[in-house]
Structure formats: C-alpha cells, structure tokens
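With mmCIF, C-alpha atoms inside, this is coords_31.cif:
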```cif
data_start
loop_
_atom_site.label_atom_id
_atom_site.label_comp_id
_atom_site.auth_asym_id
_atom_site.auth_seq_id
_atom_site.Cartn_x
_atom_site.Cartn_y
_atom_site.Cartn_z
CA MET S 18 0.00 0.00 0.00
CA ARG S 19 1.24 3.47 -0.86
CA ARG S 20 2.66 5.64 1.89
CA HIS S 21 2.77 9.42 2.18
CA LYS S 22 5.06 11.45 4.40
CA ILE S 23 3.95 14.17 6.76
CA PRO S 24 6.03 17.13 5.52
CA SER S 25 8.94 18.25 7.71
CA THR S 26 8.78 15.01 9.74
CA ALA S 27 10.05 11.46 9.39
CA VAL S 28 6.53 10.03 9.79
CA GLU S 29 5.01 8.15 6.85
CA VAL S 30 1.44 6.84 6.87
CA THR S 31 -0.22 4.35 4.59
CA GLU S 32 -2.88 5.84 2.36
CA LEU S 33 -5.58 3.88 4.20
CA GLY S 34 -5.72 4.00 8.00
CA PHE S 35 -7.43 1.93 10.69
CA GLY S 36 -9.76 3.98 12.90
CA ALA S 37 -10.02 2.28 16.27
CA SER S 38 -12.99 4.17 17.74
CA VAL S 39 -15.39 1.35 16.90
CA ILE S 40 -13.34 -1.31 18.69
CA GLY S 41 -13.90 0.85 21.77
CA ASN S 42 -17.57 -0.24 21.54
CA LEU S 43 -18.83 2.81 19.69
CA TYR S 44 -22.66 2.56 19.54
CA ARG S 45 -22.63 -1.20 20.18
CA THR S 46 -20.52 -3.93 21.73
CA THR S 47 -17.64 -5.37 19.74
CA SER S 48 -16.10 -8.56 21.09
CA ALA S 49 -12.44 -8.64 22.03
CA GLU S 50 -12.00 -11.40 19.47
CA ASP S 51 -13.49 -9.33 16.64
CA ALA S 52 -11.39 -6.31 17.64
CA ALA S 53 -8.16 -8.30 17.60
CA ALA S 54 -9.09 -10.00 14.33
CA ALA S 55 -9.92 -6.63 12.74
CA VAL S 56 -6.46 -5.28 13.57
CA GLY S 57 -4.83 -8.48 12.31
CA THR S 58 -6.79 -8.36 9.06
CA ALA S 59 -5.82 -4.70 8.59
CA TRP S 60 -2.18 -5.65 9.04
CA ASP S 61 -2.53 -8.41 6.44
CA ALA S 62 -4.11 -5.88 4.06
CA GLY S 63 -1.04 -3.66 4.30
CA ILE S 64 -2.52 -1.00 6.61
CA ARG S 65 0.19 0.43 8.84
CA TYR S 66 -1.49 3.51 10.31
CA TYR S 67 -3.70 3.05 13.38
CA ASP S 68 -5.57 5.84 15.20
CA THR S 69 -7.08 5.76 18.68
CA ALA S 70 -7.86 8.06 21.64
CA PRO S 71 -8.59 7.91 25.39
CA HIS S 72 -12.12 9.14 24.59
CA TYR S 73 -12.91 5.98 22.61
CA GLY S 74 -14.55 3.61 25.05
CA LEU S 75 -12.96 5.30 28.08
CA GLY S 76 -9.62 3.71 27.23
CA LEU S 77 -10.95 0.43 25.82
CA SER S 78 -9.90 1.27 22.27
CA GLU S 79 -6.33 2.04 23.35
CA ARG S 80 -6.06 -1.16 25.38
CA ARG S 81 -7.41 -3.32 22.57
CA LEU S 82 -5.32 -1.69 19.87
CA GLY S 83 -2.13 -1.96 21.89
CA ALA S 84 -2.78 -5.63 22.65
CA ALA S 85 -3.50 -6.42 19.01
CA LEU S 86 -0.31 -4.72 17.81
CA ARG S 87 1.88 -6.29 20.48
CA GLY S 88 4.56 -8.39 18.86
CA ARG S 89 4.35 -6.54 15.53
CA PRO S 90 7.61 -4.90 14.42
CA ARG S 91 7.34 -1.44 16.01
CA GLU S 92 9.25 0.31 13.24
CA GLN S 93 6.77 -0.94 10.64
CA TYR S 94 3.64 0.88 11.83
CA VAL S 95 2.49 4.35 12.87
CA ILE S 96 0.09 4.90 15.74
CA SER S 97 -1.65 8.10 16.76
CA SER S 98 -3.61 8.99 19.85
CA LYS S 99 -5.02 12.20 21.27
CA VAL S 100 -4.89 14.52 24.24
CA GLY S 101 -7.38 16.92 25.79
CA ARG S 102 -9.65 14.49 27.63
CA LEU S 103 -8.16 12.96 30.76
CA LEU S 104 -9.85 9.87 32.16
CA VAL S 105 -10.57 10.31 35.87
CA PRO S 106 -12.64 8.34 38.42
CA ASN S 107 -16.39 8.88 38.13
CA ASP S 108 -17.84 9.52 41.55
CA HIS S 109 -21.41 9.12 40.32
CA PRO S 110 -21.51 6.24 37.80
CA ALA S 111 -24.85 5.36 36.23
CA GLY S 112 -23.70 2.03 34.80
CA VAL S 113 -23.00 2.88 31.17
CA ASP S 114 -21.15 5.65 29.33
CA THR S 115 -23.31 8.50 28.06
CA GLU S 116 -21.10 9.57 25.12
CA GLY S 117 -21.87 6.84 22.63
CA PHE S 118 -19.70 3.97 23.86
CA VAL S 119 -21.15 0.77 25.32
CA VAL S 120 -18.81 0.54 28.31
CA ARG S 121 -19.10 0.95 32.07
CA ASP S 122 -18.78 4.54 33.26
CA ASP S 123 -16.44 3.95 36.19
CA LEU S 124 -14.34 6.66 34.56
CA ARG S 125 -15.34 10.03 33.17
CA ARG S 126 -13.71 12.47 30.76
CA GLN S 127 -12.19 15.72 32.04
CA TRP S 128 -11.13 18.45 29.61
CA ASP S 129 -7.50 19.44 30.12
CA PHE S 130 -5.21 21.08 27.54
CA SER S 131 -2.66 22.24 30.12
CA PRO S 132 0.97 21.11 29.84
CA ASP S 133 0.54 18.79 32.82
CA GLY S 134 -2.67 17.42 31.34
CA VAL S 135 -0.99 16.73 27.99
CA LEU S 136 1.95 14.95 29.60
CA ARG S 137 -0.31 12.93 31.89
CA SER S 138 -2.58 11.95 29.02
CA ILE S 139 0.34 10.69 26.91
CA GLU S 140 1.80 8.76 29.84
CA GLU S 141 -1.56 7.09 30.53
CA THR S 142 -2.03 6.25 26.84
CA LEU S 143 1.37 4.56 26.80
CA GLU S 144 0.36 2.56 29.87
CA ARG S 145 -2.94 1.46 28.31
CA THR S 146 -1.43 0.56 24.95
CA GLY S 147 1.77 -0.94 26.30
CA LEU S 148 3.75 1.05 23.74
CA ASP S 149 7.05 2.82 24.28
CA ARG S 150 6.13 5.81 22.13
CA LEU S 151 3.44 7.49 20.02
CA ASP S 152 4.17 8.54 16.45
CA ILE S 153 1.47 11.22 16.13
CA VAL S 154 -0.40 13.06 18.87
CA TYR S 155 -3.46 15.20 18.09
CA LEU S 156 -5.31 17.70 20.25
CA HIS S 157 -8.79 16.15 20.43
CA ASP S 158 -11.79 18.38 19.70
CA PRO S 159 -10.40 21.62 21.15
CA ASP S 160 -13.37 23.59 19.73
CA ASP S 161 -14.16 25.35 23.01
CA HIS S 162 -10.58 25.47 24.26
CA TRP S 163 -8.69 27.33 21.54
CA GLN S 164 -6.62 29.58 23.79
CA GLN S 165 -5.34 26.89 26.12
CA ALA S 166 -4.89 24.40 23.28
CA ALA S 167 -2.92 26.85 21.14
CA ASP S 168 -0.95 28.55 23.91
CA GLN S 169 -0.23 25.59 26.19
CA ALA S 170 -1.01 22.19 24.69
CA MET S 171 0.51 22.69 21.24
CA PRO S 172 3.83 24.15 22.53
CA THR S 173 4.06 21.18 24.91
CA LEU S 174 3.61 18.77 22.02
CA ALA S 175 6.09 20.74 19.92
CA GLU S 176 8.71 20.41 22.64
CA LEU S 177 8.17 16.64 22.77
CA ARG S 178 8.42 16.48 18.97
CA ASP S 179 11.60 18.52 18.94
CA GLN S 180 13.07 16.19 21.57
CA GLY S 181 12.26 13.19 19.36
CA VAL S 182 9.68 11.78 21.79
CA ILE S 183 6.85 12.22 19.24
CA GLY S 184 7.17 12.11 15.47
CA ALA S 185 4.43 14.58 14.49
CA ILE S 186 1.77 16.73 16.15
CA GLY S 187 -1.56 18.24 15.23
CA ALA S 188 -5.25 18.57 16.03
CA GLY S 189 -8.40 16.65 15.12
CA MET S 190 -11.89 18.16 14.82
CA ASN S 191 -15.24 17.98 13.07
CA GLN S 192 -14.85 21.54 11.75
CA SER S 193 -12.33 23.00 9.35
CA ALA S 194 -12.08 26.70 10.28
CA LEU S 195 -10.28 26.18 13.59
CA LEU S 196 -8.06 23.49 12.09
CA ALA S 197 -6.92 26.11 9.57
CA ARG S 198 -5.89 28.32 12.47
CA PHE S 199 -3.88 25.48 13.98
CA LEU S 200 -2.05 25.05 10.68
CA ARG S 201 -1.46 28.78 10.21
CA GLU S 202 -0.75 29.86 13.78
CA THR S 203 0.80 26.92 15.64
CA ALA S 204 3.51 24.29 15.28
CA ALA S 205 1.05 21.63 14.04
CA ASP S 206 2.36 19.32 11.30
CA VAL S 207 -0.90 17.61 10.41
CA VAL S 208 -4.62 17.85 11.15
CA MET S 209 -7.30 15.19 11.27
CA LEU S 210 -10.32 16.55 9.41
CA ALA S 211 -13.66 14.84 10.06
CA GLY S 212 -16.38 15.00 7.43
CA ARG S 213 -15.50 18.36 5.86
CA TYR S 214 -13.89 17.16 2.65
CA THR S 215 -16.19 14.55 1.19
CA LEU S 216 -18.33 13.99 -1.87
CA LEU S 217 -21.12 15.84 -0.07
CA ASP S 218 -19.16 18.57 1.74
CA GLN S 219 -16.16 20.43 0.34
CA SER S 220 -16.22 23.26 2.89
CA ALA S 221 -12.58 22.57 3.76
CA LEU S 222 -11.71 24.26 0.46
CA ASP S 223 -12.53 27.54 2.21
CA ASP S 224 -9.92 27.28 4.92
CA VAL S 225 -8.01 24.22 6.09
CA LEU S 226 -6.92 22.87 2.70
CA PRO S 227 -5.55 26.22 1.45
CA ALA S 228 -3.79 26.60 4.81
CA ALA S 229 -2.20 23.17 4.46
CA GLN S 230 -0.98 23.99 0.96
CA GLU S 231 0.29 27.43 1.92
CA HIS S 232 2.26 26.15 4.90
CA GLY S 233 3.37 22.79 3.49
CA LYS S 234 1.44 20.75 6.02
CA ALA S 235 -0.74 17.64 5.79
CA VAL S 236 -4.35 16.56 6.27
CA VAL S 237 -5.70 13.17 7.35
CA ALA S 238 -9.32 12.75 6.24
CA VAL S 239 -11.82 10.87 8.41
CA GLY S 240 -15.61 10.67 8.37
CA VAL S 241 -15.53 10.36 4.58
CA PHE S 242 -18.86 8.49 4.53
CA ASN S 243 -20.55 11.39 6.40
CA SER S 244 -21.95 9.05 9.08
CA GLY S 245 -23.14 6.47 6.57
CA LEU S 246 -24.91 8.27 3.74
CA LEU S 247 -22.01 7.54 1.37
CA ALA S 248 -21.30 4.04 2.68
CA ARG S 249 -23.63 2.10 0.37
CA ASP S 250 -23.79 1.76 -3.38
CA ARG S 251 -27.32 3.16 -3.29
CA PRO S 252 -28.26 5.62 -0.53
CA ALA S 253 -31.65 5.04 1.11
CA GLU S 254 -34.08 7.11 3.13
CA GLY S 255 -33.37 7.03 6.85
CA MET S 256 -29.59 6.87 6.50
CA LYS S 257 -27.45 9.13 8.66
CA TYR S 258 -25.60 12.30 7.70
CA ASP S 259 -23.37 13.90 10.33
CA TYR S 260 -24.92 11.69 13.03
CA GLN S 261 -28.52 12.70 12.22
CA ALA S 262 -31.18 11.53 9.79
CA ALA S 263 -30.14 12.70 6.33
CA PRO S 264 -32.41 15.39 4.80
CA PRO S 265 -34.21 14.17 1.64
CA ALA S 266 -32.34 16.68 -0.52
CA LEU S 267 -29.00 15.25 0.58
CA VAL S 268 -30.21 11.70 -0.07
CA ASP S 269 -31.17 12.78 -3.58
CA ARG S 270 -27.77 14.39 -4.08
CA ALA S 271 -25.99 11.25 -2.88
CA ARG S 272 -28.07 9.17 -5.29
CA ALA S 273 -27.15 11.48 -8.16
CA ILE S 274 -23.46 11.05 -7.29
CA ALA S 275 -24.01 7.28 -7.12
CA ASP S 276 -25.50 7.35 -10.62
CA VAL S 277 -22.40 9.08 -12.00
CA CYS S 278 -20.16 6.60 -10.19
CA GLN S 279 -22.08 3.70 -11.69
CA ALA S 280 -21.78 5.23 -15.15
CA HIS S 281 -18.01 5.22 -14.68
CA GLY S 282 -17.91 1.61 -13.54
CA THR S 283 -17.32 2.24 -9.86
CA THR S 284 -19.36 2.65 -6.67
CA LEU S 285 -20.29 5.47 -4.33
CA PRO S 286 -18.33 4.18 -1.29
CA ALA S 287 -15.21 3.52 -3.38
CA ALA S 288 -15.39 7.07 -4.73
CA ALA S 289 -16.02 8.43 -1.21
CA ILE S 290 -12.74 6.89 -0.03
CA ALA S 291 -10.78 8.02 -3.09
CA PHE S 292 -12.11 11.57 -3.35
CA PRO S 293 -10.22 13.26 -0.46
CA LEU S 294 -6.96 11.82 -1.77
CA THR S 295 -7.37 13.78 -4.99
CA HIS S 296 -6.37 16.88 -3.05
CA PRO S 297 -2.58 17.27 -2.89
CA SER S 298 -2.57 18.04 0.84
CA VAL S 299 -4.54 14.93 1.90
CA ILE S 300 -2.16 12.08 2.68
CA ASN S 301 -4.49 9.51 4.26
CA VAL S 302 -8.09 8.40 4.67
CA THR S 303 -8.78 6.63 7.97
CA LEU S 304 -11.91 4.53 8.37
CA GLY S 305 -13.50 2.94 11.41
CA MET S 306 -13.24 -0.85 11.17
CA ARG S 307 -15.07 -3.07 13.63
CA ASP S 308 -14.40 -6.60 12.39
CA PRO S 309 -12.48 -8.48 9.68
CA GLY S 310 -15.36 -8.21 7.21
CA GLN S 311 -15.38 -4.43 7.40
CA VAL S 312 -11.60 -4.32 7.01
CA ARG S 313 -11.66 -6.52 3.91
CA ARG S 314 -14.47 -4.45 2.37
CA ASN S 315 -12.71 -1.14 3.02
CA ALA S 316 -9.41 -2.43 1.67
CA ARG S 317 -11.18 -3.71 -1.44
CA LEU S 318 -12.93 -0.37 -1.95
CA HIS S 319 -9.64 1.48 -1.55
CA ARG S 320 -8.06 -0.69 -4.25
CA GLN S 321 -10.93 -0.16 -6.67
CA PHE S 322 -10.03 1.63 -9.89
CA ILE S 323 -11.44 5.15 -10.02
CA PRO S 324 -11.28 6.79 -13.46
CA GLY S 325 -10.10 10.38 -13.30
CA GLU S 326 -12.95 11.43 -15.54
CA LEU S 327 -15.40 10.70 -12.72
CA TRP S 328 -14.28 13.74 -10.73
CA HIS S 329 -14.53 16.04 -13.73
CA ASP S 330 -18.02 14.78 -14.55
CA LEU S 331 -19.17 15.32 -10.97
CA ARG S 332 -17.76 18.83 -11.06
CA ASP S 333 -19.29 19.59 -14.46
CA GLN S 334 -22.71 18.41 -13.24
CA GLY S 335 -22.56 20.65 -10.19
CA LEU S 336 -22.21 17.73 -7.79
CA LEU S 337 -18.78 18.95 -6.65
CA ARG S 338 -17.81 22.55 -6.11
CA ALA S 339 -16.53 24.25 -9.24
CA GLU S 340 -13.16 25.06 -7.66
CA THR S 341 -12.49 21.48 -6.47
CA PRO S 342 -8.88 20.71 -7.45
CA PHE S 343 -7.51 17.35 -8.49
CA ALA S 344 -3.91 16.28 -8.02
CA PRO S 345 -2.06 16.20 -11.35
CA ASP S 346 -1.04 12.57 -10.91
CA GLU S 347 -4.65 11.54 -10.12
CA ARG S 348 -3.63 9.73 -6.94
CA SER S 349 -7.20 8.45 -6.65
CA GLN S 350 -6.68 6.00 -9.48
CA GLN S 351 -6.05 2.54 -8.11
CA CYS S 352 -5.08 -0.58 -9.95
CA PRO S 353 -7.31 -3.62 -9.36
#
```
Represent the structure of the file as structure tokens.
Amino acid sequence: MRRHKIPSTAVEVTELGFGASVIGNLYRTTSAEDAAAAVGTAWDAGIRYYDTAPHYGLGLSERRLGAALRGRPREQYVISSKVGRLLVPNDHPAGVDTEGFVVRDDLRRQWDFSPDGVLRSIEETLERTGLDRLDIVYLHDPDDHWQQAADQAMPTLAELRDQGVIGAIGAGMNQSALLARFLRETAADVVMLAGRYTLLDQSALDDVLPAAQEHGKAVVAVGVFNSGLLARDRPAEGMKYDYQAAPPALVDRARAIADVCQAHGTTLPAAAIAFPLTHPSVINVTLGMRDPGQVRRNARLHRQFIPGELWHDLRDQGLLRAETPFAPDERSQQCP
C-alpha cells in the first residue's frame, strides 16, 4: 500500500488507515476477538497507520489496539492517539457511558489542555497501549478550548516532537475553520479533518486545505462516509448524515453522485474513499473498522479503480464545487 510522508517530519502513513474508535464499543458492543481480528486483518491488508484516543470507550480502544499490535515490528507501523480528555474516576456512575460507547462509566472524561494534562494523558495512553512511544499526537476536539490548546497544549507537544519523543503533532476536529488556524498559527504538522472534505461537503476548500498547501502541512481525512450516507452503493431514506437523519435533498444528491459513479464503472463508497486523496494536501483516509469483514471491504474499496474522468463529470454536473482541485497525478486512481 502506498505511503505518504507528513512534511517536515520522518513520519510516513499508509494511504488507508485503521480507525479504532469502533473497537472501543462505539454505539454497540464489539467482542475482544473481533477487535483483535480486525487489527490483524488490517495488518494483512497492508494498513500500517492506526488511530485511537482515550475518549474511545474510556480507554478500551487504546487497550485493545495496543494488545492487538503487540509483537508486531514497532518500526513498521504508525500509531496516533489524542490529548485533551483525561480519564478520571467517576464519583457518580450510572452504569454505562453517556457519550456513545457501550462501556461501564467507572471513569469520566475531564477536559485538560494544560501542559501537565498533555503529559499525563500521553503517559496514561502509553500505559494502556503498552507502547514505548506514540508517532502522532493530536489535540482532540479543542473547539471550546482554543486559547489553552494553542498557547499551552501545542507548545508542549512541539517540545516533545523537537526532543524526538513524538514524530508529528496536530489537532483533530469535526470543523475546518479552527483546524486552519492550527495550521497557520501553531507548530502543528498535520490535522485530522472529520467530514468536511467529502463527496457531499467540500467546505474545507474555504480554509483548512488552502492553509495546508500554503504552509506545506498535511491533512488526514476521516468521516468520509458522512456518518453512513455515502457508505452504500445506493443511498436510502433514513440513512445518517453527520450523526442525524439525512435530509431528503441530501439523499437525492448522494443518489445522483451514485449514478455518475455507476456510469463510470465504480461505486459510491469507493469514490467516497478516493475523493479526499485527490487533493494534494490529503495524505491519508482513515476509516472505522469493527471486524475483519469491514476491514476486507474497506481495503477492497480502496483498491478499486477510479477513473479520473469521474471527478470532472461530478464537477461539471454541479455535484462537486466548481473550484475542487484534483492532483495532477490523479492519486485516486487505483489498480485492481
């Protein structure tokens, strides 16, 4: 599988990444056996970039991912985690987590972008994963904490990077405007952009993608299915878009895109994975993968041939923004 380097760092990520939020029991229970098998299947498929966070299952994702990677050659893979939410004892547990993960709530999340909080979070992640180091560390959802994140957390991460403790640093969010500020105004090397550069939403063209190009920095794209609406060959009523029921107009738009994909001999989900990679600043698409079947499907979709003419037809038909750029080498084209 192709790899792309984060500029100004020694970190290289495979073009397809393994998102470990779902093996932290996101929305429903995933067995330990399925979680381990998913990571093993991803490894066999050539995936060497794995992303997790303390937030995912109150540490469950980190523990499972670390256990599944144990024994793998450490120099062969890249792992990222996040800081900003410390896990602390919950004095008033109700029995189950209230933030989307099917786990006990003996712990709770506590926002902390202070230097001490960053260092503590990394230390606890290393304990949970059993790893000796993290390759990439992101600030996690600092939407309401810009000042502390920019003035305290990012300089702390930069110091660790400059000391060689971390390979690359950045921020991950569901919005693009603040990520652009991190790229322009801080020492961030890379940002994780969720859902804002997809077949249905190219709003990142207004801010974060120009910032990445201007400053020679990188973007990792996640949420490329927009919560599911782009995950099937044929979108249906009742599917989700950005975690809510998709409006009928968006379902119709997704179906129109699917029709163009079909006319070019490909599918909507394959195009959804390939599309962000047509931008020269996007180096990776990371997908949540719960079990071996999902891994095999996503790897197959990533390998699917995408004719370059598809993007131009979508743009000409008004289904992509008129200013949507495409990399000269058409990186989206994959050989079967």
Find the residues around His329 in chain S up to 10 Å (only C-alpha atoms counted), leave out those fewer than 5 positions away in its own chain, and share them as a PyMOL selection string. chain S and resi 324+334-337+339+341-343
Tell me, in Å to one decimal, how far CA of His319 in chain S is from CA of Ile186 in chain S. 26.0 Å
So that I can see what lies close to range 263-273 of chain S, please list as a PyMOL selection string the residues with an atom at most 9 Å from it, counting all atoms listed in the file and leaving out residues fewer than 2 positions away in the same chain. chain S and resi 216-217+246-247+250-261+275-278+285+336
Residue members of the PyMOL selection byres ((chain S and resi 117-123) around 7) in the file shown, as a PDB file with C-alpha atoms, in the coordinates of the input:
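That gives us selection14.pdb:
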```pdb
ATOM      1  CA  GLY S  41     -13.900   0.850  21.770  1.00  0.00           C
ATOM      2  CA  ASN S  42     -17.570  -0.240  21.540  1.00  0.00           C
ATOM      3  CA  LEU S  43     -18.830   2.810  19.690  1.00  0.00           C
ATOM      4  CA  TYR S  44     -22.660   2.560  19.540  1.00  0.00           C
ATOM      5  CA  ARG S  45     -22.630  -1.200  20.180  1.00  0.00           C
ATOM      6  CA  THR S  46     -20.520  -3.930  21.730  1.00  0.00           C
ATOM      7  CA  GLY S  74     -14.550   3.610  25.050  1.00  0.00           C
ATOM      8  CA  PRO S 106     -12.640   8.340  38.420  1.00  0.00           C
ATOM      9  CA  ASN S 107     -16.390   8.880  38.130  1.00  0.00           C
ATOM     10  CA  PRO S 110     -21.510   6.240  37.800  1.00  0.00           C
ATOM     11  CA  ALA S 111     -24.850   5.360  36.230  1.00  0.00           C
ATOM     12  CA  GLY S 112     -23.700   2.030  34.800  1.00  0.00           C
ATOM     13  CA  VAL S 113     -23.000   2.880  31.170  1.00  0.00           C
ATOM     14  CA  ASP S 114     -21.150   5.650  29.330  1.00  0.00           C
ATOM     15  CA  THR S 115     -23.310   8.500  28.060  1.00  0.00           C
ATOM     16  CA  GLU S 116     -21.100   9.570  25.120  1.00  0.00           C
ATOM     17  CA  LEU S 124     -14.340   6.660  34.560  1.00  0.00           C
ATOM     18  CA  ARG S 125     -15.340  10.030  33.170  1.00  0.00           C
TER      19      ARG S 125
END
```
When you look at Thr215 in chain S with a cut-off of 6 Å (counting all atoms listed in the file), what residues show up, excluding the ones that are within fewer than 3 positions of it in the same chain? I need them as a list in words.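 After dropping sequence-adjacent residues, the list is Asp218, Gln219 and Val241 of chain S.
Using all atoms listed in the file, the shortest contact distance between Arg332 in chain S and any of S:Arg201, S:Ile274, S:Met306, S:Gln180 is found at S:Ile274.
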Taking only C-alpha atoms into account, name the residue in S:Val182, S:Val312, S:Val95, S:Ala53 that is nearest to His21 in chain S.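 So, comparing all the options, the nearest one is S:Val95.
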Could you tell me how far CA of Asp152 in chain S lies from CA of Gly134 in chain S, in Å and to one decimal?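 Between these atoms lies a distance of 18.6 Å.
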Can you translate the PyMOL selection byres ((chain S and resi 290-298) around 7) into the concrete residues it hits in this file, as a list in words?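 Matching residues under the PyMOL selection byres ((chain S and resi 290-298) around 7) are Tyr214, Thr215, Leu216, Leu226, Ala229, Gln230, Ala235, Val236, Ala238, Val241, Pro286, Ala287, Ala288, Ala289, Val299, Ile300, Asn301, Val302, His319, Pro342, Phe343, Ala344, Glu347, Arg348 and Ser349 of chain S.
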How about saving the chosen residues, C-alpha atoms kept, as a PDB file, keeping the file's coordinate frame?
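Generated output (result22.pdb):
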```pdb
ATOM      1  CA  TYR S 214     -13.890  17.160   2.650  1.00  0.00           C
ATOM      2  CA  THR S 215     -16.190  14.550   1.190  1.00  0.00           C
ATOM      3  CA  LEU S 216     -18.330  13.990  -1.870  1.00  0.00           C
ATOM      4  CA  LEU S 226      -6.920  22.870   2.700  1.00  0.00           C
ATOM      5  CA  ALA S 229      -2.200  23.170   4.460  1.00  0.00           C
ATOM      6  CA  GLN S 230      -0.980  23.990   0.960  1.00  0.00           C
ATOM      7  CA  ALA S 235      -0.740  17.640   5.790  1.00  0.00           C
ATOM      8  CA  VAL S 236      -4.350  16.560   6.270  1.00  0.00           C
ATOM      9  CA  ALA S 238      -9.320  12.750   6.240  1.00  0.00           C
ATOM     10  CA  VAL S 241     -15.530  10.360   4.580  1.00  0.00           C
ATOM     11  CA  PRO S 286     -18.330   4.180  -1.290  1.00  0.00           C
ATOM     12  CA  ALA S 287     -15.210   3.520  -3.380  1.00  0.00           C
ATOM     13  CA  ALA S 288     -15.390   7.070  -4.730  1.00  0.00           C
ATOM     14  CA  ALA S 289     -16.020   8.430  -1.210  1.00  0.00           C
ATOM     15  CA  VAL S 299      -4.540  14.930   1.900  1.00  0.00           C
ATOM     16  CA  ILE S 300      -2.160  12.080   2.680  1.00  0.00           C
ATOM     17  CA  ASN S 301      -4.490   9.510   4.260  1.00  0.00           C
ATOM     18  CA  VAL S 302      -8.090   8.400   4.670  1.00  0.00           C
ATOM     19  CA  HIS S 319      -9.640   1.480  -1.550  1.00  0.00           C
ATOM     20  CA  PRO S 342      -8.880  20.710  -7.450  1.00  0.00           C
ATOM     21  CA  PHE S 343      -7.510  17.350  -8.490  1.00  0.00           C
ATOM     22  CA  ALA S 344      -3.910  16.280  -8.020  1.00  0.00           C
ATOM     23  CA  GLU S 347      -4.650  11.540 -10.120  1.00  0.00           C
ATOM     24  CA  ARG S 348      -3.630   9.730  -6.940  1.00  0.00           C
ATOM     25  CA  SER S 349      -7.200   8.450  -6.650  1.00  0.00           C
TER      26      SER S 349
END
```
Enumerate, in order of chain and increasing residue number, the residues of range 110-178 of chain S with an atom no farther than 10 Å from range 191-198 of chain S, each with its shortest atom pair and distance in Å to one decimal, counting only C-alpha atoms, as JSON lines.
```
{"residue": "S:His157", "atom": "CA", "partner": "S:Asn191", "partner_atom": "CA", "distance": 10.0}
{"residue": "S:Asp158", "atom": "CA", "partner": "S:Asn191", "partner_atom": "CA", "distance": 7.5}
{"residue": "S:Pro159", "atom": "CA", "partner": "S:Leu195", "partner_atom": "CA", "distance": 8.8}
{"residue": "S:Asp160", "atom": "CA", "partner": "S:Leu195", "partner_atom": "CA", "distance": 7.3}
{"residue": "S:Trp163", "atom": "CA", "partner": "S:Leu195", "partner_atom": "CA", "distance": 8.2}
{"residue": "S:Ala167", "atom": "CA", "partner": "S:Arg198", "partner_atom": "CA", "distance": 9.3}
```
Evaluate the PyMOL selection byres ((chain S and resi 80) around 12) on the structure here and hand back the selected residues as a ChimeraX atom specification. /S:37-38,40-41,49,52-53,69-79,81-87,98,141-148
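Of the listed residues (S:Gly233, S:Gly57, S:Leu200, S:Thr303), S:Thr303 comes nearest to Gly34 in chain S; the distances count only C-alpha atoms.
Going from CA of Arg20 in chain S to CA of Asp308 in chain S covers 23.5 Å.
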Nearest to Gly36 in chain S by atom-to-atom distance, counting all atoms listed in the file, from S:Gln127, S:Thr203, S:Gln169, S:Gln311: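 Answer, going by the shortest atom-to-atom distance: S:Gln311.
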Give the answer as one residue: which of S:Leu331, S:Ile23, S:Val28, S:Val225 has the shortest atom-to-atom distance to Glu92 in chain S, using only C-alpha atoms?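 When distances to Glu92 in chain S are compared using only C-alpha atoms, the smallest one comes from S:Val28.
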Out of S:Arg314, S:His281, S:Lys22, S:Arg91, which residue has the shortest atom-to-atom distance to Trp328 in chain S when counting all atoms listed in the file?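 So, comparing all the options, the nearest one is S:His281.
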Leaving out Ile153 in chain S and any residue of its chain fewer than 6 positions from it, which residues lie within 6 Å of it when counting all atoms listed in the file, given as a list in words?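 So, after excluding close chain neighbours, the residues are Ser97, Gly184, Ala185 and Ile186 of chain S.
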Within 6 Å of (-0.2, 19.8, 10.0) (file coordinates; only C-alpha atoms), which protein or nucleic acid residues are there? I'd like them as a ChimeraX atom specification. /S:187,200,205-208,234-235
Spatial sel., origin (-11.9, 21.3, 27.9), limit 8 Å, only C-alpha atoms, listed as a PyMOL selection string: chain S and resi 101-102+127-130+159+161-162
